[in-house]
Amino acid sequence: MDFSLTEDQEMFRGQIRKMLDKFGGTQVAREMIADKPESLKKVYSTLAELGCSGINIPEEYDGLDLEALDLVPTFEELGRSLVPGLFMETNALVVPIIKKYGTDEQKKNYLTAIAAGDKQVSFAALEPFNDFSRQGIQCSLAKKDGQYVLNGTKILVPEAELADAFLLVVRTSEDVEDGLSLVLIDAVDELNIERQLSFDEAKHVAKIECNQLVITEEQIIGEVNKGWEQLQEGLLYFNAALSSYMVGAMEHVVHMAAEYAKIREQFGQPIGRFQAVKHSIVDMKVHLEIARSLSYYANWVVDTEENDREAAVYSARTYATEKFIEAASQNIQLHGGIGFTEELDCHLYVKRARYYDQYLGSTPFYQEKVVASLGW
Amino acid sequence: MDFSLTEDQEMFRGQIRKMLDKFGGTQVAREMIADKPESLKKVYSTLAELGCSGINIPEEYDGLDLEALDLVPTFEELGRSLVPGLFMETNALVVPIIKKYGTDEQKKNYLTAIAAGDKQVSFAALEPFNDFSRQGIQCSLAKKDGQYVLNGTKILVPEAELADAFLLVVRTSEDVEDGLSLVLIDAVDELNIERQLSFDEAKHVAKIECNQLVITEEQIIGEVNKGWEQLQEGLLYFNAALSSYMVGAMEHVVHMAAEYAKIREQFGQPIGRFQAVKHSIVDMKVHLEIARSLSYYANWVVDTEENDREAAVYSARTYATEKFIEAASQNIQLHGGIGFTEELDCHLYVKRARYYDQYLGSTPFYQEKVVASLGW
Amino acid sequence: MDFSFTKKEEKFRTELRTWLETNLPEGWLEGKRDLPEDLDEYSAYLRAWQRTLYDGGWAAIAWPKEYGGRDASLMEEIIYHQEMVRVKAPPLINYIGIHMVGPTLIDMGTEEQKEKYLKKILTGEEIWCQGYSEPSAGSDLTALKTRAVKDGDRWLINGQKVWTSFGHVADKCFLLTRTSTVPEKKHRGITVFLIDMDQPGVETLPIIQMDGHKDFNEVYLTDAVATDADIVGQVDSGWHVLIALMLHERTGIGAELFTLEKQFNDTVTLAQQYKVNGQPLIHNPLIRQKMAGFYARVRGSLLNYYRNLTTTVKNGQPGPESSIDKLVVSELNKELSSFAVEIQGHQGLLWDKDAAVDSKWQRLFLASFGQTIGGGTSEVQRNTIGERVLGLPKDMGR
Amino acid sequence: MDFSFTKKEEKFRTELRTWLETNLPEGWLEGKRDLPEDLDEYSAYLRAWQRTLYDGGWAAIAWPKEYGGRDASLMEEIIYHQEMVRVKAPPLINYIGIHMVGPTLIDMGTEEQKEKYLKKILTGEEIWCQGYSEPSAGSDLTALKTRAVKDGDRWLINGQKVWTSFGHVADKCFLLTRTSTVPEKKHRGITVFLIDMDQPGVETLPIIQMDGHKDFNEVYLTDAVATDADIVGQVDSGWHVLIALMLHERTGIGAELFTLEKQFNDTVTLAQQYKVNGQPLIHNPLIRQKMAGFYARVRGSLLNYYRNLTTTVKNGQPGPESSIDKLVVSELNKELSSFAVEIQGHQGLLWDKDAAVDSKWQRLFLASFGQTIGGGTSEVQRNTIGERVLGLPKDMGR
C-alpha cells in the first residue's frame with residue numbers, strides 16, 4: 001500500500017506553484033475582478049506549455065495519456081491561488097465525456113486542440129429558477145424539418161468570454177427520466193452571451209440565450225436522450241478535480257490563519273496562544289487533511305472500477321465544499337477587522353467557497369447520490 | 001411589558017428548592033436506580049402539601065385555579081434535581097385534557113383527587129417499532145357487542161408502578177387521519193404491567209399489554225375518533241412544562257461545569273482560564289438563557305389565544321432538548337475522567353437528556369409542527 | 001408576566017408612526033429608499049434627515065428635556081427602534097453623537113462642553129466619530145499607542161486610528177489617547193479628547209471592505225491639536241469615561257435584534273415565494289426543518305432580550321446577562337444570512353442587478369462577517385460573559 | 001498510489017485468518033462472545049486466550065524475533081488489527097505489556113529486565129498496568145506527586161494513581177514517580193519503576209464508570225517497595241522513557257479506526273433493518289443525508305490514517321500529522337454512537353435485554369464519552385496538533 005503522490009507528481013506541483021507565484025498568486029484572480037483577463041490567459045498558455053492540458057488525453061491526440069491523479073497537483077495549485085478559468089471544465093468534465101462517448105471526429109477535433117492548449121470549453125447547464133437535476137433542464141433541442149433547433153436560457157456559464165466552445169445539456173424529450181442530451185457548440189459567435197454580475201467577482205459568469213439556434217447532428221455527443229447518464233461520467237471527474245481545487249484553496253486558508261495567529265498580538269500574547277484561536281485553526285487543519293485524503297482517493301478511484309467509485313468522489317466533494325466554506329469564513333474571524341477588508345485575500349476565498357458550494361448540485365443532491373450508489 | 005416571574009413565583013421556587021435540597025437533590029433519582037421509590041413518594045406528598053398538585057386545577061375541584069406559568073418554578077426545580085415521577089404527565093398533560101374535554105363526572109373524579117395529591121396518572125402512548133404519530137398508534141379499541149375491548153401493546157410507559165391511573169391513546173377506526181381516541185384506565189390491576197430496563201435507570205418505564213381488556217364508554221375522554229386532536233392540547237401544556245424541567249436541569253449542569261472549572265487545576269491554572277473550557281461553558285450558558293426565555297414564554301402563551309401559541313411551545317421544546325443534551329454531554333468532557341465516573345452526577349443528566357430527547361416525538365416531528373402552525 | 005404595552009407607550013408609538021408617515025423622505029415608505037452614492041450628497045441627504053428628526057423632536061428621545069430630548073423611558077426607546085426598523089428608516093448619520101457622545105457629555109462633560117456641542121449634535125450640524133481602535137489595538141484597546149503630549153498650553157496628538165466609522169463625514173472626534181506610559185495597568189494613562197476633524201493634523205482615509213462598502217476609516221494624527229478644555233473627565237482617567245459611554249449605549253442591540261427579526265421574516269417570505277423547478281422552497285423538508293430551527297433561535301434571542309430589558313427596568317441598570325445579546329445576535333445574523341443565500345441554490349451566486357430576487361441577501365451575508373468582529377469579537381464577548389456572568393478566572397493578559 | 005497489499009502481506013493475512021478460525025474460543029465466530037462476569041474467571045479466560053496467541057506465535061508480532069516476536073512490518077501490524085476487528089477477537093488482557101512495556105524494555109531496558117519480564121509478558125503470565133494519572137495530574141502529567149524516596153538500598157513509593165486500566169488484574173506496574181522536586185521544569189525529576197502489584201504497599205480499588213463498567217482503578221501506594229534494578233533508564237529521566245514508550249504504541253489508533261469502520265457498517269445495517277411504522281429507517285431522507293455525512297467522515301478518517309501510515313513507512317517514523325488520528329476517531333465515534341441510538345427513536349431508551357435491537361448501541365454511546373477524555377482529552381490533543389503540526393505558540397503553563 002502506498003497512499004501518497006509520487007515524487008514526480010510532487011515535483012510537478014513545485015513547478016506549477018513556482019509559476020503561479022511568479023504571477024503573484026491571487027493577483028491573477030484580482031485582475032479578473034478588474035476585468036483584465038490577460039494574466040489568466042498567460043497562465044493558461046504556460047500550463048499548456050508545461051503539458052498540463054494534455055495530461056489526461058490519449059497519446060494519439062497528442063496527450064500524455066496519464067490519469068486523473070496526475071492532474072491533482074495542478075488543480076490543488078490553481079485552487080491555492082484561486083485561479084479562475086476553464087481548466088477544470090475543459091479537462092475534468094469535457095475531456096472524460098468526449099473520451100468515453102465522443103465520435104472519432106469529435107475526439108480528433110476537440111482532444112487534440114485541448115491537449116495543445118488551443119481550446120477551452122465552458123459548461124452551460126444551469127437554468128434560472130431550476131436546480132441542477134433532470135427536471136431542472138428545460139432548455140430544448142427539437143428536431144424540426146431534419147434540423148436540430150435549440151431554444152432556451154442558460155445562466156451562470158463560467159468564463160463564457162474566454163471559451164472556445166460550450167458543452168450544453170439540453171432537453172430532447174419530455175420524458176423526465178430519459179430526455180436529455182449533450183451538445184457541443186463551437187460557433188460561439190451565434191450564441192447570445194451576456195455577462196452576469198457574479199457574487200465572486202473573480203469568477204466571470206454569463207447568460208446564454210439560444211433563440212432558434214440551428215445545430216447539426218454531429219454536435220450531439222453520444223446517444224440522444226442519454227445525456228444525463230453520460231454527464232454523470234464527466235461529473236465524477238469534475239467533482240474529483242473540484243475537491244482537489246478546494247483542498248488547495250483550503251490549504252492556503254489554513255496557512256494564512258496559522259501564520260497570522262503567530263504574529264498578531266493582543267493582550268500581550270500572539271493570538272495563536274489563545275485556545276479559541278488555536279483550536280479553531282486546528283479544526284480547520286484537521287478538516288483540510290481529511291479533505292485531502294478524500295480527494296486523493298477520489299482522483300485515484302475515478303480511474304478504476306471499484307464499487308465505491310461514486311460514493312468516494314461525491315463524499316470528497318461534499319466534505320470539501322462544506323469544510324472549505326467553513327474554514328474560509330473562520331479565517332476572516334481569526335484575522336479580525338483586517339480580515340474584513342478588501343485588501344487582504346480572506347474574502348476572495350469565502351467568495352470562491354460560496355461559488356462552488358452549490359455549483360452543479362447542492363450537498364443534499366450529492367449526498368443522495370452517495371447513498372444511492374452504495375445501494376442503501 | 002414585564003417578562004419575568006413574579007416575586008411570589010420566585011419565592012415559591014425557593015421553597016421547593018429548599019425541600020428538594022433536604023432530600024439530597026439527585027439522591028431521589030439515585031434511590032430510584034436502586035429501586036427504592038420511598039423518597040420519590042415523599043417528595044410527591046410534600047409537593048401536594050405545598051399545593052403544587054392543585055396549581056392548575058379549578059377551585060371547584062379544590063385547586064388553586066392558577067396558570068401554567070405558576071407551575072414553572074416547580075418544574076424547573078424538579079428538573080434541577082432530576083426528580084422522576086408523574087408530576088408532568090399528571091398535571092401538564094392529563095389535567096389540561098380533562099379540563100377541556102372531560103365530562104363533569106371525569107372532572108370530579110380526577111381533578112379533585114389530583115389536586116389533593118391522591119392520584120398520579122401515567123401516559124401510555126408509545127408502541128414498539130412505531131413512532132409517535134397518528135400512524136404509529138395501532139393499539140386498538142373496538143366496540144363489540146356493546147362493549148369496548150382493548151388490545152395491544154404500549155411501551156416505555158413512565159413510572160407505571162407508581163401510577164394510580166393511565167391515559168391511553170388508542171385506535172378506534174382505520175381512518176389514518178381521524179381514528180384515535182383517548183381512554184382513562186383506573187383499574188390498574190387488570191393491566192399487565194411489566195417493567196422494562198431503561199437507559200435512564202432513574203426513570204422507570206414499563207410495557208403494558210392489553211389482551212381483550214373490557215372498558216366502559218365513560219372511560220373515553222371527549223369525542224371518539226378525535227383523540228389525536230384532543231391530545232394536541234395536552235401536548236402543548238406538557239411540552240411547555242418539559243421545557244421548564246429541562247431548563248432547570250440545564251441550569252444545574254452549567255453550574256456544575258462552571259464551579260468545577262474554577263477549582264480544578266491543570267498546567268498550573270484553573271481550567272476555567274483556558275478558552276476551550278471557558279468558551280464552551282459560556283456557550284452552554286447562552287443556550288440555557290435562551291432556552292429559559294423560550295420556556296417562560298411558552299408557559300405564558302399556552303394559556304392565551306396568541307397566534308404563535310403552538311410555534312412558541314414547540315420551539316421551546318426542540319431548543320431545550322437539543323441544548324440540554326449538548327450541555328449535559330459537554331459537562332462530562334469538561335470534568336475529564338472524574339466526569340466519566342458513576343460517582344459524579346454528570347452522567348445522570350446525560351441519561352435524562354437522552355430520555356427526553358425523543359420522548360413523545362422527535363425534533364423533526366415538532367419542527368414540522370412549528371412550520372405548519374405558522375402556515376408556512 | 002405581561003407582554004402588553006401601556007396606553008402611554010401605545011400613544012407614543014402612534015405619535016411616532018404618524019410623524020414618520022408624514023416626514024419620511026418622499027417615496028420612502030413605498031420603497032424608494034436609495035441613498036445618494038456621492039459622498040457629499042450622501043452626507044447632505046442624511047444631515048437633512050437628521051435635521052427633520054430634530055425639528056420633529058425625534059432626534060434624541062432618551063436625552064433629558066433640558067438638553068432637547070424627551071426623557072424617554074427605556075420602553076419608549078425600544079418602541080422607537082421597532083418603528084424605525086419597521087419603516088427601514090434612513091440611517092442616523094450622527095448615531096455616535098446622539099447615542100454615545102451626547103449622553104456622555106451630559107453625564108460628565110463640563111458646562112462649556114455641553115453648551116458648545118449638544119445642540120449641534122442634535123441638529124446634525126456637527127457629526128461625530130469615535131477614535132478607538134488602532135492597528136495593534138483591536139480587541140485589546142488598552143494596547144493603544146496614540147500619544148497626546150502637553151506642549152505649552154496645548155496638547156499635540158500623534159498616532160493612527162483605524163475602523164473609525166463615519167470618520168469621512170465627521171466634524172468632531174471622541175478620541176482615546178495615551179497620556180501616560182508609566183502605570184503598571186495599561187488601562188490607566190488614557191485620556192479622552194474632543195478634537196476637530198477639520199484641522200491640518202488629521203487625515204482620513206477610507207477602508208475598502210470585503211463587501212465593497214467604505215463605512216470605516218483610517219485616521220492619521222500628526223501633531224493634531226487639542227486643549228485642556230477638550231478633555232472629557234480627567235487626564236489619565238479615560239477608561240472610566242469609556243465605560244460610562246458604553247453604558248449609555250443601552251438600546252443599540254435592541255435595534256439589531258429587531259432588524260434580525262425583520263430579516264428572518266423576509267427570509268420566510270423568500271422561501272415561500274422563491275421557486276425551484278416550479279416548487280416553492282418552503283415545500284422542501286430540509287428547508288422547513290432549518291427554518292423551524294431559525295424561528296426558535298430568533299424568537300429565543302428576542303425574548304431573552306426582553307427578559308434582560310425587564311431586569312434593566314426593574315433594577316435601573318442592565319444585569320451582566322445582557323452581555324449575551326450581542327454575541328447571540330451577531331452569530332445568528334451570520335448564519336441566517338448565509339442560509340438565505342444558500343437556499344437560492346446556484347442563483348445565489350448572482351449579484352446586484354442580476355440577483356435572482358434581491359441582492360440584499362448577498363450583501364447581508366458579506367456584511368455579517370463584520371458583525372462578529374466589530375464592537376468586540378465573539379471571542380472577546382465570550383471571555384466577558386465567562387468572567388462577568390459565570391465568574392470564571394480571567395484570561396491571559398487581562 | 002497503490003491500495004493493494006503485496007503477496008507477502010496477503011499471505012500473512014491468510015495465515016492469520018486461518019489460524020484464528022481454528023483457535024478462537026469455541027463458538028466465537030458464530031457469535032457466542034460472552035466473557036465471564038466474575039473477575040477471576042474473566043482474567044483466567046483472557047490469560048488463556050493470550051497463551052493461545054503466544055503458542056501460535058501471534059502474541060506480539062511486532063517484537064523482534066529474538067524476543068519471541070515476528071519482526072512484523074507496519075503493514076502486517078495493520079493487517080493484524082484488521083483481522084482481529086473482523087472476528088471481534090477477545091480483548092488482549094496484556095495489551096499494555098505487549099504494546100507498550102515490552103517494546104520499551106527491548107529498547108531501553110537492562111539485560112536483566114529483558115530476561116526477567118519479556119517472556120512472561122508474551123505468555124500472559126504477568127499482566128501489566130501503567131501507573132500514570134493521578135487525581136490532580138490528568139491532562140497535565142507533569143503535575144504528578146507520587147514520590148519515590150531512596151531508603152537504604154531500596155526505594156519507598158507513596159502516592160495515589162488513578163485511571164489505571166487492568167490495575168485489578170495486573171501483576172506488575174509501569175509506574176511514573178517523582179524523584180526530584182527541585183528542577184524548574186516539572187517534567188524533569190520523574191523516574192519510571194517496574195513494581196510488583198502484589199505487595200503490602202499496593203492497594204487497588206475499582207472505579208465504577210457511568211456505563212457501569214469497572215475498567216479502571218485507583219491504586220494507593222503506601223511505602224510500596226522497589227529497587228534500583230527496577231528503574232527503567234536513569235533516575236529523573238522518566239520523561240524520556242515515557243516519550244519512547246508512546247512512540248512504540250504505533251498502531252493502536254489503527255485498531256480503533258477499524259473498529260469505527262465496523263461500527264459504521266453496522267449502523268448502516270441497523271438503518272436498513274430497523275423499521276418504524278413498517279418503513280426501514282434508511283428510507284427517511286433526513287437519515288439518508290446524515291448517513292452520507294458519516295460515510296464521508298469515516299472514509300476520510302481511514303484514508304487519512306492510511307496516508308499517515310504511508311509517511312511512517314517511507315520515513316521510518318510517523319509525521320506530526322498522525323496526531324490528528326486520535327482526535328478524529330474519538331470525536332467521530334462519539335457522534336456516530338449517539339446517532340445510532342437517536343435513530344432508534346423512543347425505543348433507543350430501552351436497555352439491555354429490553355433493547356429494541358441490541359443494547360450495544362446504547363453501551364457504545366455511553367462508552368464514547370470516555371474516548372474523548374482518556375489518553376489525552378480532545379482539548380489537549382488540539383493543543384498538541386496546534387503546536388506540533390502548525391507551530392502555534394505554546395499554551396499557558398506548557
# chains A, B, ... in the order shown; residues from 1 in each chain; ligands from 1

$ interface_residues --of "chain D" --to "chain C" --cutoff "10 Å" --atoms "only C-alpha atoms" --output "PyMOL selection string"
chain D and resi 285-286+289+396

$ interface_residues --of "chain D" --to "chain B" --cutoff "6 Å" --atoms "only C-alpha atoms" --output "number ranges by chain"
D: 140, 208-210, 276-277, 346, 349-351, 354, 373, 397

$ select_by_dssp --residues "segment 11-181 of chain B" --states "helix (DSSP H, G or I)" --output "PyMOL selection string"
chain B and resi 11-22+27-33+38-49+52-54+59-61+68-80+87-101+104-115+160-162

$ atom_distance --atom1 "atom CA of Ser293 of chain A" --atom2 "atom CA of Lys99 of chain A"
27.0 Å

$ atom_distance --atom1 "atom CA of Leu194 of chain C" --atom2 "atom CA of Ala229 of chain C"
8.8 Å

$ decode --residues "segment 156-179 of chain C" --atoms "N, CA, C and O atoms" --output "short mmCIF file (atom, residue, chain, number, x, y, z; two decimals), in the first residue's frame"
data_model
loop_
_atom_site.label_atom_id
_atom_site.label_comp_id
_atom_site.auth_asym_id
_atom_site.auth_seq_id
_atom_site.Cartn_x
_atom_site.Cartn_y
_atom_site.Cartn_z
N LEU C 156 -0.43 68.02 21.82
CA LEU C 156 -0.15 67.57 20.45
C LEU C 156 -0.37 66.06 20.40
O LEU C 156 0.15 65.32 21.23
N ILE C 157 -1.15 65.66 19.42
CA ILE C 157 -1.55 64.24 19.36
C ILE C 157 -0.99 63.59 18.10
O ILE C 157 -1.13 64.12 17.00
N ASN C 158 -0.35 62.43 18.29
CA ASN C 158 0.26 61.71 17.17
C ASN C 158 -0.08 60.23 17.25
O ASN C 158 -0.01 59.62 18.33
N GLY C 159 -0.43 59.68 16.12
CA GLY C 159 -0.75 58.25 16.11
C GLY C 159 -1.69 57.90 14.96
O GLY C 159 -1.89 58.71 14.05
N GLN C 160 -2.20 56.68 15.02
CA GLN C 160 -3.09 56.23 13.95
C GLN C 160 -4.29 55.49 14.51
O GLN C 160 -4.16 54.61 15.35
N LYS C 161 -5.45 55.89 14.06
CA LYS C 161 -6.68 55.19 14.43
C LYS C 161 -7.19 54.41 13.23
O LYS C 161 -6.88 54.74 12.06
N VAL C 162 -7.97 53.40 13.51
CA VAL C 162 -8.48 52.60 12.41
C VAL C 162 -9.90 52.15 12.77
O VAL C 162 -10.27 52.19 13.94
N TRP C 163 -10.68 51.77 11.77
CA TRP C 163 -12.08 51.36 11.99
C TRP C 163 -12.92 52.48 12.60
O TRP C 163 -13.80 52.25 13.41
N THR C 164 -12.60 53.70 12.17
CA THR C 164 -13.37 54.84 12.66
C THR C 164 -14.60 55.01 11.77
O THR C 164 -14.48 55.45 10.63
N SER C 165 -15.76 54.63 12.31
CA SER C 165 -16.95 54.75 11.47
C SER C 165 -17.38 56.21 11.39
O SER C 165 -17.19 56.97 12.34
N PHE C 166 -17.94 56.60 10.27
CA PHE C 166 -18.34 57.97 9.98
C PHE C 166 -17.14 58.93 9.93
O PHE C 166 -17.34 60.13 9.84
N GLY C 167 -15.91 58.39 10.01
CA GLY C 167 -14.73 59.25 10.02
C GLY C 167 -14.68 60.20 8.83
O GLY C 167 -14.23 61.33 8.95
N HIS C 168 -15.15 59.74 7.68
CA HIS C 168 -15.04 60.54 6.46
C HIS C 168 -16.06 61.67 6.39
O HIS C 168 -15.94 62.56 5.58
N VAL C 169 -17.10 61.59 7.23
CA VAL C 169 -18.08 62.68 7.20
C VAL C 169 -18.07 63.49 8.49
O VAL C 169 -18.73 64.51 8.60
N ALA C 170 -17.29 63.00 9.47
CA ALA C 170 -17.38 63.60 10.80
C ALA C 170 -16.69 64.96 10.90
O ALA C 170 -15.70 65.22 10.23
N ASP C 171 -17.27 65.81 11.76
CA ASP C 171 -16.67 67.11 12.05
C ASP C 171 -15.83 67.04 13.32
O ASP C 171 -14.90 67.80 13.52
N LYS C 172 -16.22 66.11 14.20
CA LYS C 172 -15.59 66.04 15.51
C LYS C 172 -15.27 64.58 15.83
O LYS C 172 -15.92 63.68 15.33
N CYS C 173 -14.27 64.40 16.67
CA CYS C 173 -13.91 63.04 17.06
C CYS C 173 -13.77 62.92 18.58
O CYS C 173 -13.17 63.78 19.24
N PHE C 174 -14.32 61.85 19.10
CA PHE C 174 -14.20 61.48 20.50
C PHE C 174 -13.01 60.54 20.56
O PHE C 174 -13.11 59.35 20.20
N LEU C 175 -11.86 61.07 20.97
CA LEU C 175 -10.60 60.39 20.69
C LEU C 175 -9.93 59.83 21.94
O LEU C 175 -9.71 60.55 22.92
N LEU C 176 -9.61 58.54 21.91
CA LEU C 176 -8.84 57.94 23.00
C LEU C 176 -7.35 58.10 22.73
O LEU C 176 -6.87 57.70 21.67
N THR C 177 -6.63 58.64 23.73
CA THR C 177 -5.19 58.80 23.56
C THR C 177 -4.47 58.29 24.80
O THR C 177 -5.07 58.17 25.87
N ARG C 178 -3.21 58.01 24.62
CA ARG C 178 -2.38 57.62 25.76
C ARG C 178 -1.64 58.86 26.24
O ARG C 178 -0.97 59.53 25.47
N THR C 179 -1.82 59.17 27.54
CA THR C 179 -1.13 60.35 28.08
C THR C 179 -0.09 59.94 29.11
O THR C 179 0.63 60.77 29.64
#
